[in-house]
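Engineer: I have a structure here, written as structure tokens, and I will follow up with some questions on it.
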Amino acid sequence: MPIKKIYTEAYLLYDDGLHKVFWLGIEEADEEKGILTNQYMIVDGNEAALLDPGGYFIFDRVARNVISKIDPMNVKYIFFSHQDPDVLGTINLWYEETPNAKLAISSLWVRFVPHLAVTGTSRIIEIPDEGTRFKLGNSSIYALPAHYLHSPGNFSFYDEKSGIFFSGDIGAAAFPEGEWYLFVDNFNEHIKYMEGFHRRYMSSTKALKAWVRMVREVSPKVIAPQHGAIFEGENVGKFLDWLESLEVGIDVYEHLFRFRKL
Ligand SMILES: [Fe+2]
Ligand SMILES: [Fe+2]
């Protein structure tokens with residue numbers, strides 16, 4: 001399905017009256033500029049959190065969709081799964097746009113953030129390797145380890161109230177041009193858009209199995225990745241089973257480490 005106009009707006013994924021989760025839109029023109037990304041926002045009462053707000057060319061749309069739903073002064077946290085450009089390329093713009101927000105990222109990446117013109121570290125929260133819990137309104141958001149999947153300092157975020165697990169690059173799908181959908185319908189058909197990405201970008205089969213074990217303990221209702229489509233219902237279990245059976249990273253690509261006189 002091609003990207004339709006309606007999907008440029010924020011889309012409500014969860015709403016119980018006090019607690020809401022939004023997906024923050026996509027545009028057809030994004031396809032030519034770089035890999036498509038998903039941005040999310042959690043709102044509890046009058047506090048909000050953004051997750052992986054993304055890169056430069058999507059900033060206008062994401063900011064417009066955030067402002068259409070909340071006052072940017074109410075953004076309490078911006079959560080970053082890792083340090084890639086498609087995750088935090090706009091960190092300096094959000095730093096200005098949401099002056100009350102604390103920026104939470106793996107402790108491994110804190111010293112690198114000033115290179116993106118974010119000065120002063122008083123608004124940066126270092127997430128420790130074992131993860132932590134954030135309070136948003138009356139709800140809890142958990143940062144859970146996802147190290148080596150793919151970045152060495154990498155986190156998933158779990159919103160306990162909605163049951164939505166934000167998995168960052170894990171579960172990412174790269175659609176061919178002209179193909180796109182927000183929710184996975186046929187899991188077996190969806191695999192072909194995920195497989196190559198996971199094999200090459202994820203570092204360690206062992207880390208992947210450990211992450212799957214952890215996610216099963218959490219037992220989320222929904223898994224929402226930073227690229228591709230969202231897993232709901234029985235597709236959550238199918239996705240975890242598929243990941244568990246996958247060999248990735250150095251376990252697949254060790255053969256590349258040879259000196260070739262090209
Ligand atoms: Fe990444
Ligand atoms: Fe990504």
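Note on naming: chains are A, B, ... as they come in the structure tokens, residues start from 1 per chain, ligands start from 1 in the order shown.
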Please find the residues contacting ligand 1 at a distance of at most 8 Å between atoms, with only C-alpha atoms and all ligand atoms counted, and report them as number ranges by chain.
Structural biologist: A: 82-87, 150-151, 168-169, 201
Engineer: Write the selection just made, keeping N, CA, C and O atoms, as a compact mmCIF listing (two decimals), in the first residue's frame?
Structural biologist:
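Generated output (result.txt):
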# COMPACT_ATOMS: atom_id res chain seq x y z
N HIS A 82 19.11 4.80 20.96
CA HIS A 82 20.56 4.76 20.74
C HIS A 82 20.98 6.04 20.03
O HIS A 82 20.21 7.01 20.01
N GLN A 83 22.16 6.06 19.44
CA GLN A 83 22.79 7.32 18.99
C GLN A 83 22.73 7.58 17.49
O GLN A 83 23.37 8.48 16.99
N ASP A 84 21.96 6.78 16.75
CA ASP A 84 21.99 6.92 15.29
C ASP A 84 21.35 8.23 14.81
O ASP A 84 20.48 8.78 15.47
N PRO A 85 21.75 8.72 13.61
CA PRO A 85 21.19 9.97 13.08
C PRO A 85 19.68 9.94 12.92
O PRO A 85 19.02 10.97 13.10
N ASP A 86 19.11 8.78 12.57
CA ASP A 86 17.66 8.70 12.38
C ASP A 86 16.90 8.70 13.71
O ASP A 86 15.68 8.77 13.75
N VAL A 87 17.66 8.62 14.81
CA VAL A 87 17.07 8.61 16.16
C VAL A 87 17.19 9.99 16.81
O VAL A 87 16.24 10.51 17.36
N HIS A 150 21.03 -2.62 17.85
CA HIS A 150 22.33 -2.98 17.35
C HIS A 150 23.48 -2.24 18.06
O HIS A 150 24.61 -2.69 18.04
N SER A 151 23.17 -1.09 18.66
CA SER A 151 24.23 -0.29 19.27
C SER A 151 24.69 -0.92 20.59
O SER A 151 23.89 -1.53 21.31
N GLY A 168 12.68 0.14 19.27
CA GLY A 168 13.79 0.76 18.52
C GLY A 168 14.02 0.04 17.20
O GLY A 168 13.07 -0.28 16.48
N ASP A 169 15.27 -0.26 16.92
CA ASP A 169 15.59 -0.91 15.64
C ASP A 169 15.22 -2.40 15.61
O ASP A 169 15.21 -3.01 14.53
N TYR A 201 22.44 -5.72 10.71
CA TYR A 201 22.55 -4.61 11.68
C TYR A 201 22.60 -5.09 13.13
O TYR A 201 23.15 -4.40 13.98
Engineer: Which residues come within 7 Å of Ala224 of chain A, counting only C-alpha atoms, excluding same-chain residues fewer than 3 positions away, as a PyMOL selection string?
Structural biologist: chain A and resi 164-167+230-231
Engineer: Could you save the residues just selected, with all heavy atoms, as an mmCIF file, in the first residue's frame?
Structural biologist:
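Output contents, as saved in out_14.cif:
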data_model
loop_
_atom_site.group_PDB
_atom_site.id
_atom_site.type_symbol
_atom_site.label_atom_id
_atom_site.label_comp_id
_atom_site.auth_asym_id
_atom_site.auth_seq_id
_atom_site.Cartn_x
_atom_site.Cartn_y
_atom_site.Cartn_z
ATOM 1 N N ILE A 164 2.403 -1.101 25.462
ATOM 2 C CA ILE A 164 3.167 -0.963 24.207
ATOM 3 C C ILE A 164 4.660 -0.976 24.524
ATOM 4 O O ILE A 164 5.135 -0.244 25.392
ATOM 5 C CB ILE A 164 2.791 0.328 23.454
ATOM 6 C CG1 ILE A 164 1.289 0.330 23.116
ATOM 7 C CG2 ILE A 164 3.627 0.467 22.175
ATOM 8 C CD1 ILE A 164 0.793 1.600 22.431
ATOM 9 N N PHE A 165 5.378 -1.809 23.813
ATOM 10 C CA PHE A 165 6.826 -1.984 23.969
ATOM 11 C C PHE A 165 7.492 -1.349 22.747
ATOM 12 O O PHE A 165 7.277 -1.795 21.619
ATOM 13 C CB PHE A 165 7.123 -3.485 24.041
ATOM 14 C CG PHE A 165 8.499 -3.822 24.496
ATOM 15 C CD1 PHE A 165 8.732 -4.227 25.803
ATOM 16 C CD2 PHE A 165 9.582 -3.754 23.619
ATOM 17 C CE1 PHE A 165 10.013 -4.554 26.234
ATOM 18 C CE2 PHE A 165 10.849 -4.076 24.044
ATOM 19 C CZ PHE A 165 11.076 -4.480 25.351
ATOM 20 N N PHE A 166 8.270 -0.302 22.993
ATOM 21 C CA PHE A 166 8.930 0.422 21.899
ATOM 22 C C PHE A 166 10.316 -0.199 21.710
ATOM 23 O O PHE A 166 11.190 -0.078 22.569
ATOM 24 C CB PHE A 166 9.017 1.917 22.238
ATOM 25 C CG PHE A 166 7.664 2.528 22.444
ATOM 26 C CD1 PHE A 166 7.106 2.610 23.721
ATOM 27 C CD2 PHE A 166 6.921 2.985 21.358
ATOM 28 C CE1 PHE A 166 5.841 3.146 23.916
ATOM 29 C CE2 PHE A 166 5.655 3.525 21.545
ATOM 30 C CZ PHE A 166 5.117 3.606 22.827
ATOM 31 N N SER A 167 10.480 -0.879 20.596
ATOM 32 C CA SER A 167 11.641 -1.763 20.435
ATOM 33 C C SER A 167 12.790 -1.149 19.647
ATOM 34 O O SER A 167 13.780 -1.825 19.378
ATOM 35 C CB SER A 167 11.183 -3.065 19.767
ATOM 36 O OG SER A 167 10.563 -2.783 18.519
ATOM 37 N N ILE A 230 3.949 -2.162 13.037
ATOM 38 C CA ILE A 230 3.682 -2.475 14.448
ATOM 39 C C ILE A 230 3.087 -3.881 14.576
ATOM 40 O O ILE A 230 2.245 -4.282 13.777
ATOM 41 C CB ILE A 230 2.720 -1.402 15.016
ATOM 42 C CG1 ILE A 230 3.404 -0.024 14.996
ATOM 43 C CG2 ILE A 230 2.246 -1.761 16.414
ATOM 44 C CD1 ILE A 230 2.475 1.152 15.309
ATOM 45 N N PHE A 231 3.549 -4.619 15.615
ATOM 46 C CA PHE A 231 3.057 -5.978 15.879
ATOM 47 C C PHE A 231 2.007 -5.926 16.986
ATOM 48 O O PHE A 231 2.274 -5.363 18.056
ATOM 49 C CB PHE A 231 4.211 -6.885 16.322
ATOM 50 C CG PHE A 231 5.362 -6.900 15.356
ATOM 51 C CD1 PHE A 231 6.407 -5.983 15.487
ATOM 52 C CD2 PHE A 231 5.394 -7.809 14.316
ATOM 53 C CE1 PHE A 231 7.464 -5.978 14.589
ATOM 54 C CE2 PHE A 231 6.454 -7.809 13.408
ATOM 55 C CZ PHE A 231 7.488 -6.889 13.546
#
Engineer: Pick out the closest residue to ligand 2 from this set: A:Leu18, A:Ile35, A:Leu103, A:Ile124. Count only C-alpha atoms and all ligand atoms.
Structural biologist: A:Ile35
Engineer: Do you have the atom CA of Leu93 of chain A-atom CA of Pro176 of chain A distance handy?
Structural biologist: 29.8 Å
Engineer: Could you pull the residues within 6 Å of Leu50 of chain A, counting only C-alpha atoms, minus those fewer than 5 positions along the same chain, as a PyMOL selection string?
Structural biologist: chain A and resi 40-41+78
Engineer: Dump N, CA and C atoms for the selected residues as a compact mmCIF listing (two decimals), in the first residue's frame?
Structural biologist:
# COMPACT_ATOMS: atom_id res chain seq x y z
N TYR A 40 7.06 8.24 18.14
CA TYR A 40 5.94 8.01 19.04
C TYR A 40 5.94 9.05 20.16
N MET A 41 4.74 9.26 20.75
CA MET A 41 4.61 10.15 21.91
C MET A 41 3.65 9.51 22.91
N ILE A 78 12.53 13.10 26.59
CA ILE A 78 12.72 12.55 25.25
C ILE A 78 13.62 11.33 25.42
Engineer: Measuring between only C-alpha atoms, which one of A:Ala174, A:Thr205, A:Arg111, A:Ile127 shows the shortest distance to Phe155 of chain A?
Structural biologist: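 Nearest to Phe155 of chain A: A:Ile127.
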Engineer: Contacts of Asp185 of chain A at 10 Å or less, counting only C-alpha atoms, minus same-chain residues fewer than 2 places along, as a PyMOL selection string?
Structural biologist: chain A and resi 181-183+187-190+229-232+235
Engineer: Which residue gives the smallest distance to Glu217 of chain A among A:Val62, A:Val184, A:Ala117, A:Leu144, with only C-alpha atoms counted?
Structural biologist: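 Of the candidates, the smallest distance to Glu217 of chain A is held by A:Leu144.
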Engineer: Where in segment 153-212 of chain A does DSSP assign strand (DSSP E or B), given as a list in words?
Structural biologist: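 Of segment 153-212 of chain A, only Phe155, Ser156, Phe157, Tyr158, Asp159, Ile164, Phe165, Phe166, Ser167, Gly168, Phe183 and Ser204 of chain A fall in strand (DSSP E or B).
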Engineer: Go ahead and write the selection's residues with all heavy atoms as an mmCIF file, in the first residue's frame.
Structural biologist:
data_model
loop_
_atom_site.group_PDB
_atom_site.id
_atom_site.type_symbol
_atom_site.label_atom_id
_atom_site.label_comp_id
_atom_site.auth_asym_id
_atom_site.auth_seq_id
_atom_site.Cartn_x
_atom_site.Cartn_y
_atom_site.Cartn_z
ATOM 1 N N PHE A 155 18.643 0.843 24.235
ATOM 2 C CA PHE A 155 17.512 0.558 25.126
ATOM 3 C C PHE A 155 16.197 0.421 24.369
ATOM 4 O O PHE A 155 15.982 1.076 23.348
ATOM 5 C CB PHE A 155 17.367 1.660 26.191
ATOM 6 C CG PHE A 155 18.429 1.570 27.240
ATOM 7 C CD1 PHE A 155 19.605 2.305 27.116
ATOM 8 C CD2 PHE A 155 18.291 0.714 28.314
ATOM 9 C CE1 PHE A 155 20.607 2.183 28.053
ATOM 10 C CE2 PHE A 155 19.295 0.581 29.259
ATOM 11 C CZ PHE A 155 20.462 1.327 29.129
ATOM 12 N N SER A 156 15.322 -0.442 24.915
ATOM 13 C CA SER A 156 13.916 -0.477 24.527
ATOM 14 C C SER A 156 13.156 0.253 25.634
ATOM 15 O O SER A 156 13.642 0.368 26.767
ATOM 16 C CB SER A 156 13.404 -1.917 24.468
ATOM 17 O OG SER A 156 14.182 -2.701 23.612
ATOM 18 N N PHE A 157 11.941 0.709 25.326
ATOM 19 C CA PHE A 157 11.127 1.411 26.329
ATOM 20 C C PHE A 157 9.759 0.745 26.402
ATOM 21 O O PHE A 157 9.125 0.492 25.367
ATOM 22 C CB PHE A 157 11.001 2.895 25.965
ATOM 23 C CG PHE A 157 12.328 3.602 26.030
ATOM 24 C CD1 PHE A 157 13.135 3.710 24.895
ATOM 25 C CD2 PHE A 157 12.790 4.121 27.236
ATOM 26 C CE1 PHE A 157 14.381 4.323 24.961
ATOM 27 C CE2 PHE A 157 14.026 4.741 27.310
ATOM 28 C CZ PHE A 157 14.825 4.855 26.173
ATOM 29 N N TYR A 158 9.334 0.472 27.632
ATOM 30 C CA TYR A 158 8.037 -0.191 27.826
ATOM 31 C C TYR A 158 7.096 0.720 28.598
ATOM 32 O O TYR A 158 7.409 1.166 29.700
ATOM 33 C CB TYR A 158 8.229 -1.512 28.578
ATOM 34 C CG TYR A 158 6.925 -2.210 28.872
ATOM 35 C CD1 TYR A 158 6.056 -2.552 27.844
ATOM 36 C CD2 TYR A 158 6.561 -2.523 30.179
ATOM 37 C CE1 TYR A 158 4.845 -3.188 28.106
ATOM 38 C CE2 TYR A 158 5.353 -3.162 30.451
ATOM 39 C CZ TYR A 158 4.504 -3.482 29.402
ATOM 40 O OH TYR A 158 3.308 -4.102 29.659
ATOM 41 N N ASP A 159 5.965 1.000 27.985
ATOM 42 C CA ASP A 159 4.914 1.799 28.608
ATOM 43 C C ASP A 159 3.928 0.828 29.255
ATOM 44 O O ASP A 159 3.131 0.197 28.572
ATOM 45 C CB ASP A 159 4.239 2.670 27.530
ATOM 46 C CG ASP A 159 3.011 3.387 28.059
ATOM 47 O OD1 ASP A 159 2.872 3.522 29.294
ATOM 48 O OD2 ASP A 159 2.190 3.821 27.225
ATOM 49 N N ILE A 164 2.403 -1.101 25.462
ATOM 50 C CA ILE A 164 3.167 -0.963 24.207
ATOM 51 C C ILE A 164 4.660 -0.976 24.524
ATOM 52 O O ILE A 164 5.135 -0.244 25.392
ATOM 53 C CB ILE A 164 2.791 0.328 23.454
ATOM 54 C CG1 ILE A 164 1.289 0.330 23.116
ATOM 55 C CG2 ILE A 164 3.627 0.467 22.175
ATOM 56 C CD1 ILE A 164 0.793 1.600 22.431
ATOM 57 N N PHE A 165 5.378 -1.809 23.813
ATOM 58 C CA PHE A 165 6.826 -1.984 23.969
ATOM 59 C C PHE A 165 7.492 -1.349 22.747
ATOM 60 O O PHE A 165 7.277 -1.795 21.619
ATOM 61 C CB PHE A 165 7.123 -3.485 24.041
ATOM 62 C CG PHE A 165 8.499 -3.822 24.496
ATOM 63 C CD1 PHE A 165 8.732 -4.227 25.803
ATOM 64 C CD2 PHE A 165 9.582 -3.754 23.619
ATOM 65 C CE1 PHE A 165 10.013 -4.554 26.234
ATOM 66 C CE2 PHE A 165 10.849 -4.076 24.044
ATOM 67 C CZ PHE A 165 11.076 -4.480 25.351
ATOM 68 N N PHE A 166 8.270 -0.302 22.993
ATOM 69 C CA PHE A 166 8.930 0.422 21.899
ATOM 70 C C PHE A 166 10.316 -0.199 21.710
ATOM 71 O O PHE A 166 11.190 -0.078 22.569
ATOM 72 C CB PHE A 166 9.017 1.917 22.238
ATOM 73 C CG PHE A 166 7.664 2.528 22.444
ATOM 74 C CD1 PHE A 166 7.106 2.610 23.721
ATOM 75 C CD2 PHE A 166 6.921 2.985 21.358
ATOM 76 C CE1 PHE A 166 5.841 3.146 23.916
ATOM 77 C CE2 PHE A 166 5.655 3.525 21.545
ATOM 78 C CZ PHE A 166 5.117 3.606 22.827
ATOM 79 N N SER A 167 10.480 -0.879 20.596
ATOM 80 C CA SER A 167 11.641 -1.763 20.435
ATOM 81 C C SER A 167 12.790 -1.149 19.647
ATOM 82 O O SER A 167 13.780 -1.825 19.378
ATOM 83 C CB SER A 167 11.183 -3.065 19.767
ATOM 84 O OG SER A 167 10.563 -2.783 18.519
ATOM 85 N N GLY A 168 12.682 0.135 19.269
ATOM 86 C CA GLY A 168 13.785 0.759 18.523
ATOM 87 C C GLY A 168 14.023 0.039 17.204
ATOM 88 O O GLY A 168 13.067 -0.278 16.475
ATOM 89 N N PHE A 183 0.482 -1.442 10.417
ATOM 90 C CA PHE A 183 0.333 -2.635 11.255
ATOM 91 C C PHE A 183 0.632 -3.881 10.439
ATOM 92 O O PHE A 183 0.196 -3.984 9.286
ATOM 93 C CB PHE A 183 -1.090 -2.722 11.817
ATOM 94 C CG PHE A 183 -1.425 -1.585 12.738
ATOM 95 C CD1 PHE A 183 -2.102 -0.466 12.252
ATOM 96 C CD2 PHE A 183 -1.041 -1.609 14.073
ATOM 97 C CE1 PHE A 183 -2.393 0.592 13.089
ATOM 98 C CE2 PHE A 183 -1.326 -0.545 14.914
ATOM 99 C CZ PHE A 183 -2.007 0.565 14.415
ATOM 100 N N SER A 204 24.585 -9.559 17.642
ATOM 101 C CA SER A 204 24.858 -10.798 18.365
ATOM 102 C C SER A 204 23.605 -11.648 18.535
ATOM 103 O O SER A 204 22.590 -11.171 19.041
ATOM 104 C CB SER A 204 25.429 -10.416 19.747
ATOM 105 O OG SER A 204 25.184 -11.414 20.698
#
Engineer: Between A:Val113, A:Pro225, A:Glu177, A:Tyr193, which residue has the minimum interatomic distance to ligand 2, considering only C-alpha atoms and all ligand atoms?
Structural biologist: A:Pro225
Engineer: Measuring atom to atom with only C-alpha atoms and all ligand atoms, identify which of A:Gly163, A:Pro99, A:Gly55, A:Gly120 is nearest to ligand 2.
Structural biologist: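 The closest residue to ligand 2 is A:Gly55.
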Engineer: Hey, which of A:Leu246, A:Ala10, A:Ala172, A:Leu240 ends up closest to ligand 2? Count only C-alpha atoms and all ligand atoms.
Structural biologist: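 Among A:Leu246, A:Ala10, A:Ala172, A:Leu240, it is A:Ala172 that comes nearest to ligand 2.
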Engineer: Using the chain letters and numbers from this document, which residues of segment 20-205 of chain A does DSSP assign to alpha helix (DSSP H), as a PyMOL selection string?
Structural biologist: chain A and resi 30-33+59-67+85-88+91-97+187-201+205
Engineer: In Å, how far is it from atom CA of Asp241 of chain A to atom CA of Lys221 of chain A?
Structural biologist: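 A separation of 15.1 Å between them.
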Engineer: Quick one: pull the distance between atom CA of Ile223 of chain A and atom CA of Phe112 of chain A, Å, one decimal.
Structural biologist: 28.6 Å
Engineer: Could you name the residues that touch Glu97 of chain A at 9 Å or less, counting only C-alpha atoms, but leaving out those on the same chain fewer than 5 positions away, as an NGL selection string?
Structural biologist: :A and (63 or 72-73 or 92)
